[in-house]
Each structure stands twice: as C-alpha cells, then as structure tokens.
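J.: First the structure, which I've put down as structure tokens, then a few questions once you've had a look.
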Protein chains: 2
Amino acid sequence: MARPKSTEARNEALAAAGGVVVDIGVGGFTVDEVVRRSGVAKTTIYRHWGSAQNLLFEAVEQLIVPEPEPNTGSLEADLREMGDFMLGIPTDIKVRSRRIFAGLLEGSIDDPTIAELFTRLHEERRRPVAAILTRAAERGEIDARYGVPPDLDTAVDVVVGPFFSRVLISDERLSEDDVDVWMAMIRRGLQAD
Amino acid sequence: MARPKSTEARNEALAAAGGVVVDIGVGGFTVDEVVRRSGVAKTTIYRHWGSAQNLLFEAVEQLIVPEPEPNTGSLEADLREMGDFMLGIPTDIKVRSRRIFAGLLEGSIDDPTIAELFTRLHEERRRPVAAILTRAAERGEIDARYGVPPDLDTAVDVVVGPFFSRVLISDERLSEDDVDVWMAMIRRGLQAD
DNA sequence: TGGTTTCGATACGAACTAGTATCGAAACGT
DNA sequence: ACGTTTCGATACTAGTTCGTATCGAAACCA
C-alpha cells in the first residue's frame, strides 16, 4: 500500500456527474463532460468507476432523495400536507426532476441497470402515498380494500397519476385549485360504497 | 423534368424509419439504421428529407393514431368504452407506445421540434377525454365546472393520470379491476357537491 | 527517506454518426 | 431515342464518445 485513492477527487467527480445528470440529463451524460466540469482526469474516473455506466448509476442514485411521509392522523391533513409540499417545490427543482424522470424512463427501456434505478425512484415516490392510504383505510376513512394490495396499488395510481400527468408529462404548473380538486376526488372517490 | 423522385423508395424509407422508432426508440434513431433496414441509399434519404431530424419527425408523426372518441350519451358508458378500448390494446402495441412516449418525453426537453411532436401526441390523448367530460357536465352528470377550462384541464389530468401512471410509467398490465376502480373514482369524485 | 501508487495531462484507437462527394446505371419525360 | 435526374453503392470528412496507454509529478505508507 502506498497512496490511497483520493476521496477528494472521487467526490468532485461524483458531484460533477450529478450536475451533468441534472443539467443535461441521463441521455446526454458523457464522461468527457464530467472531466470538463470537475477537472478530474479521465484516467482517474475510470480507475474509480471502471465504466461510464457505473459512474452514471451512482450519480443518479445520489439524486434520489426520500420523499416526506406525512402522518398526521387524518387522510385530509396528510393529503393537504403532501399537496402543500408539491406546491412548494421550486420551479428549477421541478425542471430538474422532470429531466431525470424522462431520462430514466427512456433509458430503462433497453438498459436493465437504468430500469432498476428507475424502479427505485418510482417506488420512492409511491411509498409515502401507499402508507397514507393504508392508514386511512385502517381508520375507516376510505374503503378498506384500498388499504391493502392489490387494490392499494390501483389506488396509489389514482392518487399520484394526476400529478404525473400535470407536472411530469404536461409540464404545467400545479395550482392550489388543482390540489383542491385532487383532494376532493380522492376523498369522494375512495369512499366505501 | 426527367425522372421524378421515387415514391417507392420514399415509402420504404419512411416505413423503415417508423420501425426504427418503434423498435429502438426516438433516442436511438439513426439514419444508418434506416439504410440498413430499408435498402434505400443514404444519399436518397438525404435528397428526400434533407436531415435526419426531418425524417425522424415524419416517422413519428405517422405513428400518432387518433384515439376513439366515444359518444354514447352517458358518462358511464363513455368511460366504459374507453376502458374497454384500453384493455383491448395488445401488449406489443403498449410496449411500442411506451417506447415512443418515453423517447418523445426525453427528446422534448432540449429539442423544440420533438417537443412540438410530443405536445401533439399528448393533445391527441387528452382530446377525447375532454370531450367526454364536457358532455357529461352539460348533461349534469358531473359538476358543471369540470366541463369547461380551467377546471376541465384538471379533471382531464385526474382521469388520464392513473392510466399514465400504471401503463406508461409503472409498465404494469391494466386489469379490469383497475378500470372499475378508476370509473368509480371519476363518477364519485367529479360529482357536484 | 524510499518505494509504490494515484494523480492530471495528453495522446491515441476503435466505434459510431451526420452529412457530402462521386460515379455508373437505370428510369422517366418529351 | 435522347437528355436529365434519381437511384444505389462506396468512400469520405468531421465530430463525438468510450476506454486505454503513457508519463512525469505528487502524495502517501512504512
């Protein structure tokens, strides 16, 4: 053992790689761009990660942040909290999220490692919603069958789908009215018959 | 005038280009691949379209098929018809749709022409749903405000969102139960207070 | 301090892509 | 039948990317 691998160079390269994913997207990710931004030599990058794909994988992975999971004791308040969280996300963060999302979706089609990454991001988005619905079902606020699979999965799609449609796909701003309509839909739509 | 441009070569190239978009995706579209598949010379392709992007544009455009627009006279039946249509789409067509969708979403981020194409595809998907909701509002089956913008747009997101989430994003099969839950949601969720 | 390993820099090879140039052959209009 | 234009084929330029090779300098452990 002589000189250990510089964690400094590693961190700088990884940070730059994250910036590339955010600014350019998964599809336009290149090692050369990481080199340009970080100043870290290409040789060093390949010594650390072995391939461009490994670096991309770790760069995307670090960008996946856990979503908040409100647990106030009532469905209404949980949903309101989630809605407010969505409304409070700055525009530039939304743009970045959309870029990452689109790149992972496109990349996951023929790249299994990207597909796994996309699945992980996707699960992270669904997890808190599923928890909210399960608790609401236990409290009797919604039909019990929407609290456990397989109908839970369908219910989660119903809850998160409108947001995907509006924010990620249509690329339009989310208004307070949208959240109100969305909440009313869920309240009434998932009630027991 | 001597020899007119061969419509045969043009059609073969365009068909092959459509196949490339379907099989590989918008992101992996290359002229060389079209040449390989069609047998049409690269020179000829550039004589007809001028650039790879123009060919891609037209190839995608021809793949956008108009959606059915049920008009039975009742919201229930209109939704049921749309649901049945969705359920009846063969798996391979769904895979293809997802690939095109993902490619356009990713490509539209920094390519304005792709963005326009994506918008067109997206509008085509929303149009029949908006028409159904507007008629349902006129008949008094749902709250009147969901029949005209801007709440109509929100309502459309609520209706199509779950399908986007399940089919295009999660890449999971659509079951009859899903359609039932979805229909109940819309019926109850969009009712007048 | 000495030996080993990583570092950055530069250059390079291989593969792929957009688009152009060239050329003989074939097809079409007149 | 003749002239014009498109056709396919091939080669080419230029640019990009991944990944490797090389090398002197610097950093670290013992």
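Residues in the structure tokens are named by chain (A, B, ... in the order shown) and by number from 1 within that chain; ligands are numbered from 1 in the order shown.
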Select from chain B every residue with an atom at most 12 Å from any atom of chain C, then for each give the shortest pair of atoms and their distance in Å to one decimal, using only C-alpha atoms (C1' of nucleotides), rows by chain and rising number, as a tab-separated table.
T.:
residue	atom	partner	partner_atom	distance
B:Met1	CA	C:DG29	C1'	6.5
B:Ala2	CA	C:DG29	C1'	5.1
B:Arg3	CA	C:DC28	C1'	4.3
B:Pro4	CA	C:DC28	C1'	7.0
B:Lys5	CA	C:DC28	C1'	9.9
B:Ser6	CA	C:DA27	C1'	9.7
B:Gly28	CA	C:DT17	C1'	11.0
B:Phe29	CA	C:DT17	C1'	10.5
B:Thr30	CA	C:DT17	C1'	7.5
B:Val31	CA	C:DA18	C1'	8.3
B:Asp32	CA	C:DT17	C1'	8.1
B:Glu33	CA	C:DT17	C1'	10.6
B:Lys42	CA	C:DG19	C1'	9.5
B:Thr43	CA	C:DT20	C1'	8.9
B:Ile45	CA	C:DG19	C1'	11.0
B:Tyr46	CA	C:DG19	C1'	8.2
B:Arg47	CA	C:DG19	C1'	11.1
B:Gly50	CA	C:DG19	C1'	9.2
B:Ser51	CA	C:DG19	C1'	8.1
B:Ala52	CA	C:DA18	C1'	7.7
B:Gln53	CA	C:DA18	C1'	10.3
J.: Save the residues we just selected, N, CA, C and O atoms, as a PDB file, in the first residue's frame?
T.:
ATOM      1  N   MET B   1     -37.683  18.555 -66.412  1.00  0.00           N
ATOM      2  CA  MET B   1     -38.122  17.373 -65.640  1.00  0.00           C
ATOM      3  C   MET B   1     -37.722  16.076 -66.356  1.00  0.00           C
ATOM      4  O   MET B   1     -37.941  15.923 -67.548  1.00  0.00           O
ATOM      5  N   ALA B   2     -37.186  15.201 -65.593  1.00  0.00           N
ATOM      6  CA  ALA B   2     -36.770  13.938 -66.211  1.00  0.00           C
ATOM      7  C   ALA B   2     -37.308  12.761 -65.413  1.00  0.00           C
ATOM      8  O   ALA B   2     -38.375  12.240 -65.723  1.00  0.00           O
ATOM      9  N   ARG B   3     -36.621  12.421 -64.341  1.00  0.00           N
ATOM     10  CA  ARG B   3     -37.084  11.284 -63.544  1.00  0.00           C
ATOM     11  C   ARG B   3     -37.589  11.797 -62.199  1.00  0.00           C
ATOM     12  O   ARG B   3     -36.825  12.378 -61.431  1.00  0.00           O
ATOM     13  N   PRO B   4     -38.850  11.615 -61.895  1.00  0.00           N
ATOM     14  CA  PRO B   4     -39.373  12.113 -60.620  1.00  0.00           C
ATOM     15  C   PRO B   4     -38.860  11.277 -59.456  1.00  0.00           C
ATOM     16  O   PRO B   4     -38.477  10.120 -59.641  1.00  0.00           O
ATOM     17  N   LYS B   5     -38.891  11.866 -58.273  1.00  0.00           N
ATOM     18  CA  LYS B   5     -38.429  11.135 -57.093  1.00  0.00           C
ATOM     19  C   LYS B   5     -39.314   9.909 -56.858  1.00  0.00           C
ATOM     20  O   LYS B   5     -40.545   9.997 -56.886  1.00  0.00           O
ATOM     21  N   SER B   6     -38.661   8.821 -56.620  1.00  0.00           N
ATOM     22  CA  SER B   6     -39.384   7.553 -56.465  1.00  0.00           C
ATOM     23  C   SER B   6     -40.217   7.534 -55.186  1.00  0.00           C
ATOM     24  O   SER B   6     -39.682   7.577 -54.083  1.00  0.00           O
ATOM     25  N   GLY B  28     -32.534   6.442 -29.965  1.00  0.00           N
ATOM     26  CA  GLY B  28     -31.564   5.645 -30.697  1.00  0.00           C
ATOM     27  C   GLY B  28     -31.735   5.668 -32.197  1.00  0.00           C
ATOM     28  O   GLY B  28     -31.150   4.855 -32.904  1.00  0.00           O
ATOM     29  N   PHE B  29     -32.531   6.596 -32.648  1.00  0.00           N
ATOM     30  CA  PHE B  29     -32.811   6.706 -34.077  1.00  0.00           C
ATOM     31  C   PHE B  29     -31.581   7.155 -34.858  1.00  0.00           C
ATOM     32  O   PHE B  29     -30.978   8.170 -34.532  1.00  0.00           O
ATOM     33  N   THR B  30     -31.203   6.395 -35.887  1.00  0.00           N
ATOM     34  CA  THR B  30     -30.094   6.804 -36.749  1.00  0.00           C
ATOM     35  C   THR B  30     -30.447   6.545 -38.208  1.00  0.00           C
ATOM     36  O   THR B  30     -31.199   5.617 -38.522  1.00  0.00           O
ATOM     37  N   VAL B  31     -29.898   7.378 -39.065  1.00  0.00           N
ATOM     38  CA  VAL B  31     -30.137   7.223 -40.496  1.00  0.00           C
ATOM     39  C   VAL B  31     -29.530   5.919 -41.000  1.00  0.00           C
ATOM     40  O   VAL B  31     -30.118   5.236 -41.836  1.00  0.00           O
ATOM     41  N   ASP B  32     -28.366   5.590 -40.487  1.00  0.00           N
ATOM     42  CA  ASP B  32     -27.704   4.365 -40.917  1.00  0.00           C
ATOM     43  C   ASP B  32     -28.583   3.138 -40.673  1.00  0.00           C
ATOM     44  O   ASP B  32     -28.595   2.203 -41.471  1.00  0.00           O
ATOM     45  N   GLU B  33     -29.305   3.159 -39.555  1.00  0.00           N
ATOM     46  CA  GLU B  33     -30.173   2.027 -39.261  1.00  0.00           C
ATOM     47  C   GLU B  33     -31.322   1.965 -40.260  1.00  0.00           C
ATOM     48  O   GLU B  33     -31.728   0.884 -40.678  1.00  0.00           O
ATOM     49  N   LYS B  42     -28.409   6.039 -48.492  1.00  0.00           N
ATOM     50  CA  LYS B  42     -28.366   7.213 -47.629  1.00  0.00           C
ATOM     51  C   LYS B  42     -28.533   8.492 -48.443  1.00  0.00           C
ATOM     52  O   LYS B  42     -29.240   9.428 -48.038  1.00  0.00           O
ATOM     53  N   THR B  43     -27.865   8.511 -49.582  1.00  0.00           N
ATOM     54  CA  THR B  43     -27.974   9.685 -50.456  1.00  0.00           C
ATOM     55  C   THR B  43     -29.418  10.004 -50.766  1.00  0.00           C
ATOM     56  O   THR B  43     -29.842  11.152 -50.726  1.00  0.00           O
ATOM     57  N   ILE B  45     -32.085   9.208 -49.095  1.00  0.00           N
ATOM     58  CA  ILE B  45     -32.798   9.697 -47.917  1.00  0.00           C
ATOM     59  C   ILE B  45     -32.549  11.186 -47.711  1.00  0.00           C
ATOM     60  O   ILE B  45     -33.476  11.954 -47.460  1.00  0.00           O
ATOM     61  N   TYR B  46     -31.288  11.579 -47.872  1.00  0.00           N
ATOM     62  CA  TYR B  46     -30.989  12.999 -47.665  1.00  0.00           C
ATOM     63  C   TYR B  46     -31.544  13.864 -48.791  1.00  0.00           C
ATOM     64  O   TYR B  46     -31.816  15.046 -48.603  1.00  0.00           O
ATOM     65  N   ARG B  47     -31.716  13.267 -49.989  1.00  0.00           N
ATOM     66  CA  ARG B  47     -32.363  14.018 -51.057  1.00  0.00           C
ATOM     67  C   ARG B  47     -33.831  14.243 -50.737  1.00  0.00           C
ATOM     68  O   ARG B  47     -34.410  15.268 -51.090  1.00  0.00           O
ATOM     69  N   GLY B  50     -33.535  15.793 -46.361  1.00  0.00           N
ATOM     70  CA  GLY B  50     -32.608  16.879 -46.057  1.00  0.00           C
ATOM     71  C   GLY B  50     -31.825  16.702 -44.766  1.00  0.00           C
ATOM     72  O   GLY B  50     -30.656  17.045 -44.709  1.00  0.00           O
ATOM     73  N   SER B  51     -32.482  16.177 -43.749  1.00  0.00           N
ATOM     74  CA  SER B  51     -31.777  15.954 -42.488  1.00  0.00           C
ATOM     75  C   SER B  51     -32.381  14.762 -41.761  1.00  0.00           C
ATOM     76  O   SER B  51     -33.529  14.376 -42.024  1.00  0.00           O
ATOM     77  N   ALA B  52     -31.617  14.213 -40.860  1.00  0.00           N
ATOM     78  CA  ALA B  52     -32.083  13.075 -40.075  1.00  0.00           C
ATOM     79  C   ALA B  52     -33.292  13.471 -39.241  1.00  0.00           C
ATOM     80  O   ALA B  52     -34.231  12.688 -39.063  1.00  0.00           O
ATOM     81  N   GLN B  53     -33.281  14.702 -38.764  1.00  0.00           N
ATOM     82  CA  GLN B  53     -34.363  15.154 -37.896  1.00  0.00           C
ATOM     83  C   GLN B  53     -35.697  15.222 -38.644  1.00  0.00           C
ATOM     84  O   GLN B  53     -36.737  14.860 -38.097  1.00  0.00           O
TER      85      GLN B  53
END
J.: Between chain D and chain B, at 7 Å or less, what are the per-residue closest atom pairs and their distances in Å? Count only C-alpha atoms (C1' of nucleotides), order by chain and rising residue number, and return it as a tab-separated table.
T.:
residue	atom	partner	partner_atom	distance
D:DT4	C1'	B:Ala2	CA	5.1
D:DT5	C1'	B:Arg3	CA	5.1
D:DT6	C1'	B:Arg3	CA	6.1
D:DG8	C1'	B:Ala41	CA	5.6
J.: Show me, as number ranges by chain, every residue of chain B with an atom at most 10 Å from chain A, counting only C-alpha atoms.
T.: B: 24-27, 95, 98-110, 118-119, 122-123, 146, 150-151, 153-170, 174-175, 177-179, 181-191, 193
J.: Using CA of Val35 (chain B) and CA of Asp111 (chain A) as the two end points, give the distance in Å to one decimal.
T.: 24.6 Å
J.: What is the CA of Arg126 (chain A) to CA of Thr91 (chain B) distance in Å?
T.: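 According to the coordinates, CA of Arg126 (chain A) and CA of Thr91 (chain B) are separated by 24.3 Å.
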